[in-house]
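Visitor: Could you have a look at this structure, given as structure tokens, before my questions?
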Amino acid sequence: MKTIILSTALIVVAGFAGAQEALFVAFQALVAAGDHVVCFTPAFEPLVLMPEQIGARVTKIPLKSDWSIDFTALEMALKDHAKLLVLNFPHNPTGAHFSLGTLKQVINLCDQYGVWILSDEVFRVLEHNKQERLPAVADLYQRAVSLGVMSKAFAMPAIRLGWLLCQDHDLYQQMIAIKNHLSICVSGLDVTF
């Protein structure tokens, strides 16, 4: 049997009814009306719509024609009192991927401006080259939340099990409280650590 280590750190909030519920909880815990959220486009639609529905001001930064990040536009957006950057790599819908160096550059910018990261990592572990697999962003950055789900990389969509990873204990408690108001009885695999 092959063991896959998804994360080395962290407080794990598991037992979500898939990725959608986990995204909802993460956005509810991280974003309030009037906050500034930055995301890349094209994007998986809920990554843009959920913060907009909360009442956040969302800045959409188009990826370049080669699906890479425009760091000048990113820094300008983060400087503008951003609270949260939404990442989604391996990227949905393009499949684009970036290097560990690029990820560290993004994290350094967020750290410089005190910005949280919500990293949608549902396609992580599906990379063609295992050596290019990025660590969970929450393993690298204290103000990060990483999202995972069984349906994509593990080909088990019927299980409907998603999870969030973070290092911040207060945020963990907040996400647990929100989750407990959404669903306390889903899959038999529903476990909160």
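Ordering of the structure tokens sets the chain letters (A, B, ...), residue numbers begin anew at 1 in every chain, and ligands are numbered from 1 in the order given.
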Looking only at the backbone, which of the residues in stretch 30-177 of chain A does DSSP tag as alpha helix (DSSP H), as a PyMOL selection string?

Guide: chain A and resi 30+46-54+71-79+100-113+137-140+169-177

Visitor: I'd like the neighbourhood of A:Leu23 as number ranges by chain, where a residue qualifies if any of its atoms comes within 9 Å (using only C-alpha atoms), though same-chain residues fewer than 2 positions away should be ignored.

Guide: A: 19-21, 25-28, 46-47, 50, 118, 120, 147, 164

Visitor: Please compute the atom CA of A:Asn92-atom CA of A:Phe44 distance, one decimal, in Å.

Guide: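 Interatomic distance, atom CA of A:Asn92 to atom CA of A:Phe44: 5.9 Å.
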
Visitor: Mind checking DSSP for stretch 26-188 of chain A and telling me the strand (DSSP E or B) residues as an MDAnalysis selection string?

Guide: chainID A and resid 36:41 57:62 82:87 116:120 144:149 161:166

Visitor: Can you pull out the residues contacting A:Lys64? Cut-off 12 Å, using only C-alpha atoms, and skip same-chain residues under 4 positions away; I want them as a PDB file with all heavy atoms, in the first residue's frame.

Guide:
```
ATOM      1  N   PHE A  40      -7.601  35.051  -8.694  1.00  0.00           N
ATOM      2  CA  PHE A  40      -7.169  34.978 -10.088  1.00  0.00           C
ATOM      3  C   PHE A  40      -8.310  34.471 -10.953  1.00  0.00           C
ATOM      4  O   PHE A  40      -9.140  33.688 -10.508  1.00  0.00           O
ATOM      5  CB  PHE A  40      -5.955  34.043 -10.222  1.00  0.00           C
ATOM      6  CG  PHE A  40      -4.754  34.533  -9.477  1.00  0.00           C
ATOM      7  CD1 PHE A  40      -4.390  33.958  -8.274  1.00  0.00           C
ATOM      8  CD2 PHE A  40      -3.996  35.585  -9.960  1.00  0.00           C
ATOM      9  CE1 PHE A  40      -3.291  34.423  -7.568  1.00  0.00           C
ATOM     10  CE2 PHE A  40      -2.900  36.065  -9.264  1.00  0.00           C
ATOM     11  CZ  PHE A  40      -2.540  35.464  -8.059  1.00  0.00           C
ATOM     12  N   THR A  41      -8.343  34.940 -12.200  1.00  0.00           N
ATOM     13  CA  THR A  41      -9.327  34.451 -13.158  1.00  0.00           C
ATOM     14  C   THR A  41      -8.603  33.974 -14.410  1.00  0.00           C
ATOM     15  O   THR A  41      -7.524  34.487 -14.716  1.00  0.00           O
ATOM     16  CB  THR A  41     -10.347  35.550 -13.528  1.00  0.00           C
ATOM     17  OG1 THR A  41      -9.653  36.671 -14.062  1.00  0.00           O
ATOM     18  CG2 THR A  41     -11.173  35.955 -12.332  1.00  0.00           C
ATOM     19  N   PRO A  42      -9.160  32.990 -15.126  1.00  0.00           N
ATOM     20  CA  PRO A  42     -10.417  32.328 -14.827  1.00  0.00           C
ATOM     21  C   PRO A  42     -10.320  31.568 -13.506  1.00  0.00           C
ATOM     22  O   PRO A  42      -9.229  31.287 -13.018  1.00  0.00           O
ATOM     23  CB  PRO A  42     -10.610  31.375 -16.008  1.00  0.00           C
ATOM     24  CG  PRO A  42      -9.236  31.087 -16.504  1.00  0.00           C
ATOM     25  CD  PRO A  42      -8.444  32.338 -16.235  1.00  0.00           C
ATOM     26  N   SER A  68       0.351  32.098 -16.111  1.00  0.00           N
ATOM     27  CA  SER A  68       1.208  32.459 -14.980  1.00  0.00           C
ATOM     28  C   SER A  68       0.650  33.700 -14.288  1.00  0.00           C
ATOM     29  O   SER A  68      -0.273  34.360 -14.782  1.00  0.00           O
ATOM     30  CB  SER A  68       2.648  32.702 -15.451  1.00  0.00           C
ATOM     31  OG  SER A  68       2.700  33.814 -16.319  1.00  0.00           O
ATOM     32  N   ILE A  69       1.230  34.039 -13.153  1.00  0.00           N
ATOM     33  CA  ILE A  69       0.752  35.146 -12.324  1.00  0.00           C
ATOM     34  C   ILE A  69       1.416  36.448 -12.734  1.00  0.00           C
ATOM     35  O   ILE A  69       2.632  36.512 -12.914  1.00  0.00           O
ATOM     36  CB  ILE A  69       1.039  34.844 -10.838  1.00  0.00           C
ATOM     37  CG1 ILE A  69       0.208  33.639 -10.382  1.00  0.00           C
ATOM     38  CG2 ILE A  69       0.762  36.060  -9.962  1.00  0.00           C
ATOM     39  CD1 ILE A  69       0.564  33.137  -9.008  1.00  0.00           C
ATOM     40  N   ASP A  70       0.637  37.493 -12.823  1.00  0.00           N
ATOM     41  CA  ASP A  70       1.128  38.850 -13.047  1.00  0.00           C
ATOM     42  C   ASP A  70       1.454  39.428 -11.664  1.00  0.00           C
ATOM     43  O   ASP A  70       0.567  39.897 -10.950  1.00  0.00           O
ATOM     44  CB  ASP A  70       0.050  39.677 -13.756  1.00  0.00           C
ATOM     45  CG  ASP A  70       0.457  41.120 -13.999  1.00  0.00           C
ATOM     46  OD1 ASP A  70       1.415  41.609 -13.356  1.00  0.00           O
ATOM     47  OD2 ASP A  70      -0.208  41.770 -14.824  1.00  0.00           O
ATOM     48  N   PHE A  71       2.721  39.372 -11.283  1.00  0.00           N
ATOM     49  CA  PHE A  71       3.112  39.777  -9.929  1.00  0.00           C
ATOM     50  C   PHE A  71       2.971  41.276  -9.688  1.00  0.00           C
ATOM     51  O   PHE A  71       2.740  41.695  -8.554  1.00  0.00           O
ATOM     52  CB  PHE A  71       4.532  39.293  -9.611  1.00  0.00           C
ATOM     53  CG  PHE A  71       4.538  37.870  -9.131  1.00  0.00           C
ATOM     54  CD1 PHE A  71       4.805  36.837 -10.004  1.00  0.00           C
ATOM     55  CD2 PHE A  71       4.254  37.579  -7.814  1.00  0.00           C
ATOM     56  CE1 PHE A  71       4.790  35.521  -9.574  1.00  0.00           C
ATOM     57  CE2 PHE A  71       4.230  36.269  -7.364  1.00  0.00           C
ATOM     58  CZ  PHE A  71       4.506  35.236  -8.248  1.00  0.00           C
ATOM     59  N   THR A  72       3.072  42.077 -10.721  1.00  0.00           N
ATOM     60  CA  THR A  72       2.859  43.520 -10.550  1.00  0.00           C
ATOM     61  C   THR A  72       1.412  43.785 -10.163  1.00  0.00           C
ATOM     62  O   THR A  72       1.129  44.515  -9.203  1.00  0.00           O
ATOM     63  CB  THR A  72       3.232  44.278 -11.845  1.00  0.00           C
ATOM     64  OG1 THR A  72       4.591  44.000 -12.165  1.00  0.00           O
ATOM     65  CG2 THR A  72       3.032  45.774 -11.668  1.00  0.00           C
ATOM     66  N   ALA A  73       0.478  43.171 -10.879  1.00  0.00           N
ATOM     67  CA  ALA A  73      -0.952  43.329 -10.570  1.00  0.00           C
ATOM     68  C   ALA A  73      -1.274  42.736  -9.199  1.00  0.00           C
ATOM     69  O   ALA A  73      -2.059  43.307  -8.435  1.00  0.00           O
ATOM     70  CB  ALA A  73      -1.804  42.675 -11.646  1.00  0.00           C
ATOM     71  N   LEU A  74      -0.661  41.599  -8.877  1.00  0.00           N
ATOM     72  CA  LEU A  74      -0.905  40.969  -7.582  1.00  0.00           C
ATOM     73  C   LEU A  74      -0.465  41.884  -6.442  1.00  0.00           C
ATOM     74  O   LEU A  74      -1.222  42.114  -5.497  1.00  0.00           O
ATOM     75  CB  LEU A  74      -0.197  39.616  -7.490  1.00  0.00           C
ATOM     76  CG  LEU A  74      -0.298  38.918  -6.134  1.00  0.00           C
ATOM     77  CD1 LEU A  74      -1.751  38.651  -5.756  1.00  0.00           C
ATOM     78  CD2 LEU A  74       0.513  37.628  -6.143  1.00  0.00           C
ATOM     79  N   THR A  94      -7.840  25.559 -15.936  1.00  0.00           N
ATOM     80  CA  THR A  94      -6.808  25.428 -16.972  1.00  0.00           C
ATOM     81  C   THR A  94      -5.856  24.262 -16.776  1.00  0.00           C
ATOM     82  O   THR A  94      -5.207  23.840 -17.724  1.00  0.00           O
ATOM     83  CB  THR A  94      -5.950  26.711 -17.046  1.00  0.00           C
ATOM     84  OG1 THR A  94      -5.167  26.816 -15.849  1.00  0.00           O
ATOM     85  CG2 THR A  94      -6.818  27.936 -17.247  1.00  0.00           C
ATOM     86  N   ALA A  96      -3.185  24.618 -15.114  1.00  0.00           N
ATOM     87  CA  ALA A  96      -1.867  25.248 -14.942  1.00  0.00           C
ATOM     88  C   ALA A  96      -1.302  24.940 -13.555  1.00  0.00           C
ATOM     89  O   ALA A  96      -2.037  24.722 -12.597  1.00  0.00           O
ATOM     90  CB  ALA A  96      -1.976  26.759 -15.136  1.00  0.00           C
TER      91      ALA A  96
END
```

Visitor: For atom CA of A:Ala32 and atom CA of A:Thr102, quote the distance in Å rounded to one decimal.

Guide: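 Atom CA of A:Thr102 lies 28.5 Å from atom CA of A:Ala32.
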
Visitor: Write out as a PyMOL selection string the residues lying within 10 Å of A:His36, counting only C-alpha atoms and excluding same-chain residues fewer than 3 positions away.

Guide: chain A and resi 31-33+51-52+55-59+77-78+80-85+115

Visitor: Could you turn the residues from that selection into a file that holds N, CA, C and O atoms, as an mmCIF file, in the first residue's frame?

Guide:
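Output contents, as saved in again_16.cif:
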```
data_model
loop_
_atom_site.group_PDB
_atom_site.id
_atom_site.type_symbol
_atom_site.label_atom_id
_atom_site.label_comp_id
_atom_site.auth_asym_id
_atom_site.auth_seq_id
_atom_site.Cartn_x
_atom_site.Cartn_y
_atom_site.Cartn_z
ATOM 1 N N VAL A 31 -13.739 36.009 5.944
ATOM 2 C CA VAL A 31 -14.149 37.218 5.225
ATOM 3 C C VAL A 31 -15.435 37.797 5.816
ATOM 4 O O VAL A 31 -16.363 37.060 6.143
ATOM 5 N N ALA A 32 -15.474 39.114 5.905
ATOM 6 C CA ALA A 32 -16.682 39.825 6.322
ATOM 7 C C ALA A 32 -17.043 40.847 5.250
ATOM 8 O O ALA A 32 -16.218 41.187 4.393
ATOM 9 N N ALA A 33 -18.256 41.349 5.325
ATOM 10 C CA ALA A 33 -18.690 42.389 4.394
ATOM 11 C C ALA A 33 -17.718 43.561 4.466
ATOM 12 O O ALA A 33 -17.300 43.968 5.541
ATOM 13 N N PRO A 51 -17.123 35.023 -1.747
ATOM 14 C CA PRO A 51 -16.789 36.267 -1.050
ATOM 15 C C PRO A 51 -17.650 37.447 -1.504
ATOM 16 O O PRO A 51 -17.990 38.322 -0.696
ATOM 17 N N GLU A 52 -18.047 37.471 -2.785
ATOM 18 C CA GLU A 52 -18.946 38.534 -3.247
ATOM 19 C C GLU A 52 -20.283 38.464 -2.519
ATOM 20 O O GLU A 52 -20.842 39.488 -2.119
ATOM 21 N N GLY A 55 -20.334 39.993 0.749
ATOM 22 C CA GLY A 55 -20.276 41.446 0.702
ATOM 23 C C GLY A 55 -18.864 41.979 0.603
ATOM 24 O O GLY A 55 -18.625 43.172 0.783
ATOM 25 N N ALA A 56 -17.925 41.097 0.310
ATOM 26 C CA ALA A 56 -16.536 41.526 0.145
ATOM 27 C C ALA A 56 -16.360 42.213 -1.208
ATOM 28 O O ALA A 56 -17.094 41.956 -2.157
ATOM 29 N N ARG A 57 -15.367 43.061 -1.258
ATOM 30 C CA ARG A 57 -14.942 43.672 -2.523
ATOM 31 C C ARG A 57 -13.921 42.709 -3.120
ATOM 32 O O ARG A 57 -12.903 42.410 -2.503
ATOM 33 N N VAL A 58 -14.193 42.190 -4.294
ATOM 34 C CA VAL A 58 -13.335 41.178 -4.912
ATOM 35 C C VAL A 58 -12.586 41.782 -6.096
ATOM 36 O O VAL A 58 -13.196 42.313 -7.019
ATOM 37 N N THR A 59 -11.260 41.695 -6.045
ATOM 38 C CA THR A 59 -10.420 42.098 -7.167
ATOM 39 C C THR A 59 -10.028 40.840 -7.926
ATOM 40 O O THR A 59 -9.460 39.909 -7.344
ATOM 41 N N ALA A 77 -2.798 44.819 -5.930
ATOM 42 C CA ALA A 77 -4.063 44.422 -5.301
ATOM 43 C C ALA A 77 -3.864 44.136 -3.811
ATOM 44 O O ALA A 77 -4.682 44.542 -2.982
ATOM 45 N N LEU A 78 -2.776 43.452 -3.463
ATOM 46 C CA LEU A 78 -2.532 43.126 -2.056
ATOM 47 C C LEU A 78 -2.277 44.383 -1.230
ATOM 48 O O LEU A 78 -2.704 44.472 -0.071
ATOM 49 N N ASP A 80 -3.641 47.142 -1.539
ATOM 50 C CA ASP A 80 -4.896 47.865 -1.366
ATOM 51 C C ASP A 80 -5.737 47.251 -0.236
ATOM 52 O O ASP A 80 -6.895 46.900 -0.417
ATOM 53 N N HIS A 81 -5.118 47.079 0.913
ATOM 54 C CA HIS A 81 -5.794 46.600 2.123
ATOM 55 C C HIS A 81 -6.470 45.244 1.927
ATOM 56 O O HIS A 81 -7.554 45.007 2.474
ATOM 57 N N ALA A 82 -5.840 44.363 1.159
ATOM 58 C CA ALA A 82 -6.419 43.035 0.961
ATOM 59 C C ALA A 82 -6.370 42.253 2.265
ATOM 60 O O ALA A 82 -5.419 42.350 3.040
ATOM 61 N N LYS A 83 -7.401 41.484 2.498
ATOM 62 C CA LYS A 83 -7.440 40.598 3.658
ATOM 63 C C LYS A 83 -7.127 39.163 3.263
ATOM 64 O O LYS A 83 -6.551 38.415 4.028
ATOM 65 N N LEU A 84 -7.535 38.769 2.039
ATOM 66 C CA LEU A 84 -7.437 37.372 1.630
ATOM 67 C C LEU A 84 -7.063 37.265 0.156
ATOM 68 O O LEU A 84 -7.613 37.986 -0.681
ATOM 69 N N LEU A 85 -6.137 36.355 -0.136
ATOM 70 C CA LEU A 85 -5.822 35.956 -1.503
ATOM 71 C C LEU A 85 -6.327 34.531 -1.682
ATOM 72 O O LEU A 85 -6.037 33.653 -0.858
ATOM 73 N N VAL A 115 -1.626 39.420 4.537
ATOM 74 C CA VAL A 115 -2.792 38.866 3.842
ATOM 75 C C VAL A 115 -2.895 37.362 4.089
ATOM 76 O O VAL A 115 -1.900 36.639 4.010
#
```

Visitor: With 12 Å as the cut-off and only C-alpha atoms counted, what is the closest atom pair between each nearby residue of stretch 25-132 of chain A and stretch 138-145 of chain A? Distances in Å to one decimal, ordered by chain and number, as JSON lines.

Guide:
```
{"residue": "A:Val25", "atom": "CA", "partner": "A:Val145", "partner_atom": "CA", "distance": 11.0}
{"residue": "A:Ala26", "atom": "CA", "partner": "A:Val145", "partner_atom": "CA", "distance": 7.7}
{"residue": "A:Phe27", "atom": "CA", "partner": "A:Val145", "partner_atom": "CA", "distance": 10.1}
{"residue": "A:Ala29", "atom": "CA", "partner": "A:Val145", "partner_atom": "CA", "distance": 10.6}
{"residue": "A:Leu30", "atom": "CA", "partner": "A:Val145", "partner_atom": "CA", "distance": 9.4}
{"residue": "A:Lys83", "atom": "CA", "partner": "A:Arg143", "partner_atom": "CA", "distance": 10.4}
{"residue": "A:Leu84", "atom": "CA", "partner": "A:Ala144", "partner_atom": "CA", "distance": 9.2}
{"residue": "A:Leu85", "atom": "CA", "partner": "A:Ala144", "partner_atom": "CA", "distance": 9.4}
{"residue": "A:Val86", "atom": "CA", "partner": "A:Val145", "partner_atom": "CA", "distance": 9.7}
{"residue": "A:Leu87", "atom": "CA", "partner": "A:Val145", "partner_atom": "CA", "distance": 10.1}
{"residue": "A:Asn88", "atom": "CA", "partner": "A:Val145", "partner_atom": "CA", "distance": 11.8}
{"residue": "A:Leu100", "atom": "CA", "partner": "A:Leu140", "partner_atom": "CA", "distance": 10.6}
{"residue": "A:Leu103", "atom": "CA", "partner": "A:Leu140", "partner_atom": "CA", "distance": 9.5}
{"residue": "A:Lys104", "atom": "CA", "partner": "A:Leu140", "partner_atom": "CA", "distance": 8.3}
{"residue": "A:Gln105", "atom": "CA", "partner": "A:Leu140", "partner_atom": "CA", "distance": 11.7}
{"residue": "A:Val106", "atom": "CA", "partner": "A:Tyr141", "partner_atom": "CA", "distance": 10.5}
{"residue": "A:Ile107", "atom": "CA", "partner": "A:Tyr141", "partner_atom": "CA", "distance": 6.9}
{"residue": "A:Asn108", "atom": "CA", "partner": "A:Tyr141", "partner_atom": "CA", "distance": 9.1}
{"residue": "A:Leu109", "atom": "CA", "partner": "A:Tyr141", "partner_atom": "CA", "distance": 11.4}
{"residue": "A:Cys110", "atom": "CA", "partner": "A:Arg143", "partner_atom": "CA", "distance": 8.9}
{"residue": "A:Asp111", "atom": "CA", "partner": "A:Arg143", "partner_atom": "CA", "distance": 8.2}
{"residue": "A:Gln112", "atom": "CA", "partner": "A:Arg143", "partner_atom": "CA", "distance": 11.7}
{"residue": "A:Tyr113", "atom": "CA", "partner": "A:Arg143", "partner_atom": "CA", "distance": 11.4}
{"residue": "A:Gly114", "atom": "CA", "partner": "A:Arg143", "partner_atom": "CA", "distance": 8.3}
{"residue": "A:Val115", "atom": "CA", "partner": "A:Arg143", "partner_atom": "CA", "distance": 7.4}
{"residue": "A:Trp116", "atom": "CA", "partner": "A:Arg143", "partner_atom": "CA", "distance": 4.9}
{"residue": "A:Ile117", "atom": "CA", "partner": "A:Ala144", "partner_atom": "CA", "distance": 4.6}
{"residue": "A:Leu118", "atom": "CA", "partner": "A:Val145", "partner_atom": "CA", "distance": 4.9}
{"residue": "A:Ser119", "atom": "CA", "partner": "A:Val145", "partner_atom": "CA", "distance": 6.1}
{"residue": "A:Asp120", "atom": "CA", "partner": "A:Val145", "partner_atom": "CA", "distance": 8.5}
{"residue": "A:Glu121", "atom": "CA", "partner": "A:Val145", "partner_atom": "CA", "distance": 10.0}
```

Visitor: Include N, CA and C atoms and write out the residues we just selected as a PDB file, in the first residue's frame.

Guide:
```pdb
ATOM      1  N   VAL A  25     -17.405  27.335   4.658  1.00  0.00           N
ATOM      2  CA  VAL A  25     -16.946  27.534   6.035  1.00  0.00           C
ATOM      3  C   VAL A  25     -15.697  28.410   6.064  1.00  0.00           C
ATOM      4  N   ALA A  26     -14.748  28.135   5.187  1.00  0.00           N
ATOM      5  CA  ALA A  26     -13.507  28.922   5.170  1.00  0.00           C
ATOM      6  C   ALA A  26     -13.797  30.386   4.870  1.00  0.00           C
ATOM      7  N   PHE A  27     -14.616  30.652   3.858  1.00  0.00           N
ATOM      8  CA  PHE A  27     -14.941  32.045   3.530  1.00  0.00           C
ATOM      9  C   PHE A  27     -15.698  32.722   4.671  1.00  0.00           C
ATOM     10  N   ALA A  29     -15.422  32.131   7.792  1.00  0.00           N
ATOM     11  CA  ALA A  29     -14.497  32.370   8.897  1.00  0.00           C
ATOM     12  C   ALA A  29     -13.486  33.470   8.585  1.00  0.00           C
ATOM     13  N   LEU A  30     -13.129  33.623   7.320  1.00  0.00           N
ATOM     14  CA  LEU A  30     -12.048  34.537   6.945  1.00  0.00           C
ATOM     15  C   LEU A  30     -12.510  35.914   6.458  1.00  0.00           C
ATOM     16  N   LYS A  83      -7.401  41.484   2.498  1.00  0.00           N
ATOM     17  CA  LYS A  83      -7.440  40.598   3.658  1.00  0.00           C
ATOM     18  C   LYS A  83      -7.127  39.163   3.263  1.00  0.00           C
ATOM     19  N   LEU A  84      -7.535  38.769   2.039  1.00  0.00           N
ATOM     20  CA  LEU A  84      -7.437  37.372   1.630  1.00  0.00           C
ATOM     21  C   LEU A  84      -7.063  37.265   0.156  1.00  0.00           C
ATOM     22  N   LEU A  85      -6.137  36.355  -0.136  1.00  0.00           N
ATOM     23  CA  LEU A  85      -5.822  35.956  -1.503  1.00  0.00           C
ATOM     24  C   LEU A  85      -6.327  34.531  -1.682  1.00  0.00           C
ATOM     25  N   VAL A  86      -7.057  34.294  -2.756  1.00  0.00           N
ATOM     26  CA  VAL A  86      -7.547  32.956  -3.065  1.00  0.00           C
ATOM     27  C   VAL A  86      -6.646  32.349  -4.132  1.00  0.00           C
ATOM     28  N   LEU A  87      -6.054  31.202  -3.806  1.00  0.00           N
ATOM     29  CA  LEU A  87      -5.226  30.456  -4.757  1.00  0.00           C
ATOM     30  C   LEU A  87      -5.965  29.202  -5.194  1.00  0.00           C
ATOM     31  N   ASN A  88      -5.621  28.699  -6.378  1.00  0.00           N
ATOM     32  CA  ASN A  88      -6.241  27.489  -6.903  1.00  0.00           C
ATOM     33  C   ASN A  88      -5.258  26.832  -7.873  1.00  0.00           C
ATOM     34  N   LEU A 100       7.549  25.769  -6.896  1.00  0.00           N
ATOM     35  CA  LEU A 100       7.675  26.085  -5.474  1.00  0.00           C
ATOM     36  C   LEU A 100       8.231  27.489  -5.307  1.00  0.00           C
ATOM     37  N   LEU A 103       5.377  29.860  -5.720  1.00  0.00           N
ATOM     38  CA  LEU A 103       4.515  29.801  -4.536  1.00  0.00           C
ATOM     39  C   LEU A 103       5.143  30.584  -3.387  1.00  0.00           C
ATOM     40  N   LYS A 104       6.436  30.413  -3.177  1.00  0.00           N
ATOM     41  CA  LYS A 104       7.104  31.143  -2.096  1.00  0.00           C
ATOM     42  C   LYS A 104       7.086  32.651  -2.348  1.00  0.00           C
ATOM     43  N   GLN A 105       7.171  33.051  -3.604  1.00  0.00           N
ATOM     44  CA  GLN A 105       7.080  34.468  -3.951  1.00  0.00           C
ATOM     45  C   GLN A 105       5.686  35.014  -3.595  1.00  0.00           C
ATOM     46  N   VAL A 106       4.643  34.243  -3.877  1.00  0.00           N
ATOM     47  CA  VAL A 106       3.276  34.636  -3.524  1.00  0.00           C
ATOM     48  C   VAL A 106       3.141  34.740  -2.004  1.00  0.00           C
ATOM     49  N   ILE A 107       3.640  33.732  -1.300  1.00  0.00           N
ATOM     50  CA  ILE A 107       3.554  33.730   0.163  1.00  0.00           C
ATOM     51  C   ILE A 107       4.307  34.921   0.747  1.00  0.00           C
ATOM     52  N   ASN A 108       5.485  35.222   0.232  1.00  0.00           N
ATOM     53  CA  ASN A 108       6.258  36.357   0.738  1.00  0.00           C
ATOM     54  C   ASN A 108       5.509  37.671   0.561  1.00  0.00           C
ATOM     55  N   LEU A 109       4.847  37.846  -0.582  1.00  0.00           N
ATOM     56  CA  LEU A 109       4.043  39.054  -0.797  1.00  0.00           C
ATOM     57  C   LEU A 109       2.888  39.122   0.205  1.00  0.00           C
ATOM     58  N   CYS A 110       2.213  38.008   0.392  1.00  0.00           N
ATOM     59  CA  CYS A 110       1.103  37.988   1.355  1.00  0.00           C
ATOM     60  C   CYS A 110       1.598  38.280   2.762  1.00  0.00           C
ATOM     61  N   ASP A 111       2.722  37.710   3.123  1.00  0.00           N
ATOM     62  CA  ASP A 111       3.291  37.948   4.444  1.00  0.00           C
ATOM     63  C   ASP A 111       3.664  39.426   4.607  1.00  0.00           C
ATOM     64  N   GLN A 112       4.226  40.003   3.577  1.00  0.00           N
ATOM     65  CA  GLN A 112       4.627  41.413   3.606  1.00  0.00           C
ATOM     66  C   GLN A 112       3.431  42.332   3.881  1.00  0.00           C
ATOM     67  N   TYR A 113       2.267  41.987   3.339  1.00  0.00           N
ATOM     68  CA  TYR A 113       1.086  42.832   3.488  1.00  0.00           C
ATOM     69  C   TYR A 113       0.077  42.280   4.503  1.00  0.00           C
ATOM     70  N   GLY A 114       0.438  41.219   5.215  1.00  0.00           N
ATOM     71  CA  GLY A 114      -0.448  40.668   6.243  1.00  0.00           C
ATOM     72  C   GLY A 114      -1.717  40.043   5.697  1.00  0.00           C
ATOM     73  N   VAL A 115      -1.626  39.420   4.537  1.00  0.00           N
ATOM     74  CA  VAL A 115      -2.792  38.866   3.842  1.00  0.00           C
ATOM     75  C   VAL A 115      -2.895  37.362   4.089  1.00  0.00           C
ATOM     76  N   TRP A 116      -4.094  36.905   4.380  1.00  0.00           N
ATOM     77  CA  TRP A 116      -4.374  35.476   4.495  1.00  0.00           C
ATOM     78  C   TRP A 116      -4.425  34.851   3.099  1.00  0.00           C
ATOM     79  N   ILE A 117      -4.200  33.544   3.041  1.00  0.00           N
ATOM     80  CA  ILE A 117      -4.353  32.785   1.793  1.00  0.00           C
ATOM     81  C   ILE A 117      -5.351  31.663   2.025  1.00  0.00           C
ATOM     82  N   LEU A 118      -6.318  31.541   1.119  1.00  0.00           N
ATOM     83  CA  LEU A 118      -7.180  30.360   1.047  1.00  0.00           C
ATOM     84  C   LEU A 118      -6.769  29.624  -0.213  1.00  0.00           C
ATOM     85  N   SER A 119      -6.226  28.425  -0.044  1.00  0.00           N
ATOM     86  CA  SER A 119      -5.676  27.672  -1.164  1.00  0.00           C
ATOM     87  C   SER A 119      -6.545  26.455  -1.469  1.00  0.00           C
ATOM     88  N   ASP A 120      -7.236  26.520  -2.598  1.00  0.00           N
ATOM     89  CA  ASP A 120      -8.048  25.405  -3.078  1.00  0.00           C
ATOM     90  C   ASP A 120      -7.097  24.401  -3.731  1.00  0.00           C
ATOM     91  N   GLU A 121      -6.874  23.286  -3.054  1.00  0.00           N
ATOM     92  CA  GLU A 121      -5.897  22.288  -3.513  1.00  0.00           C
ATOM     93  C   GLU A 121      -6.552  20.958  -3.866  1.00  0.00           C
TER      94      GLU A 121
END
```
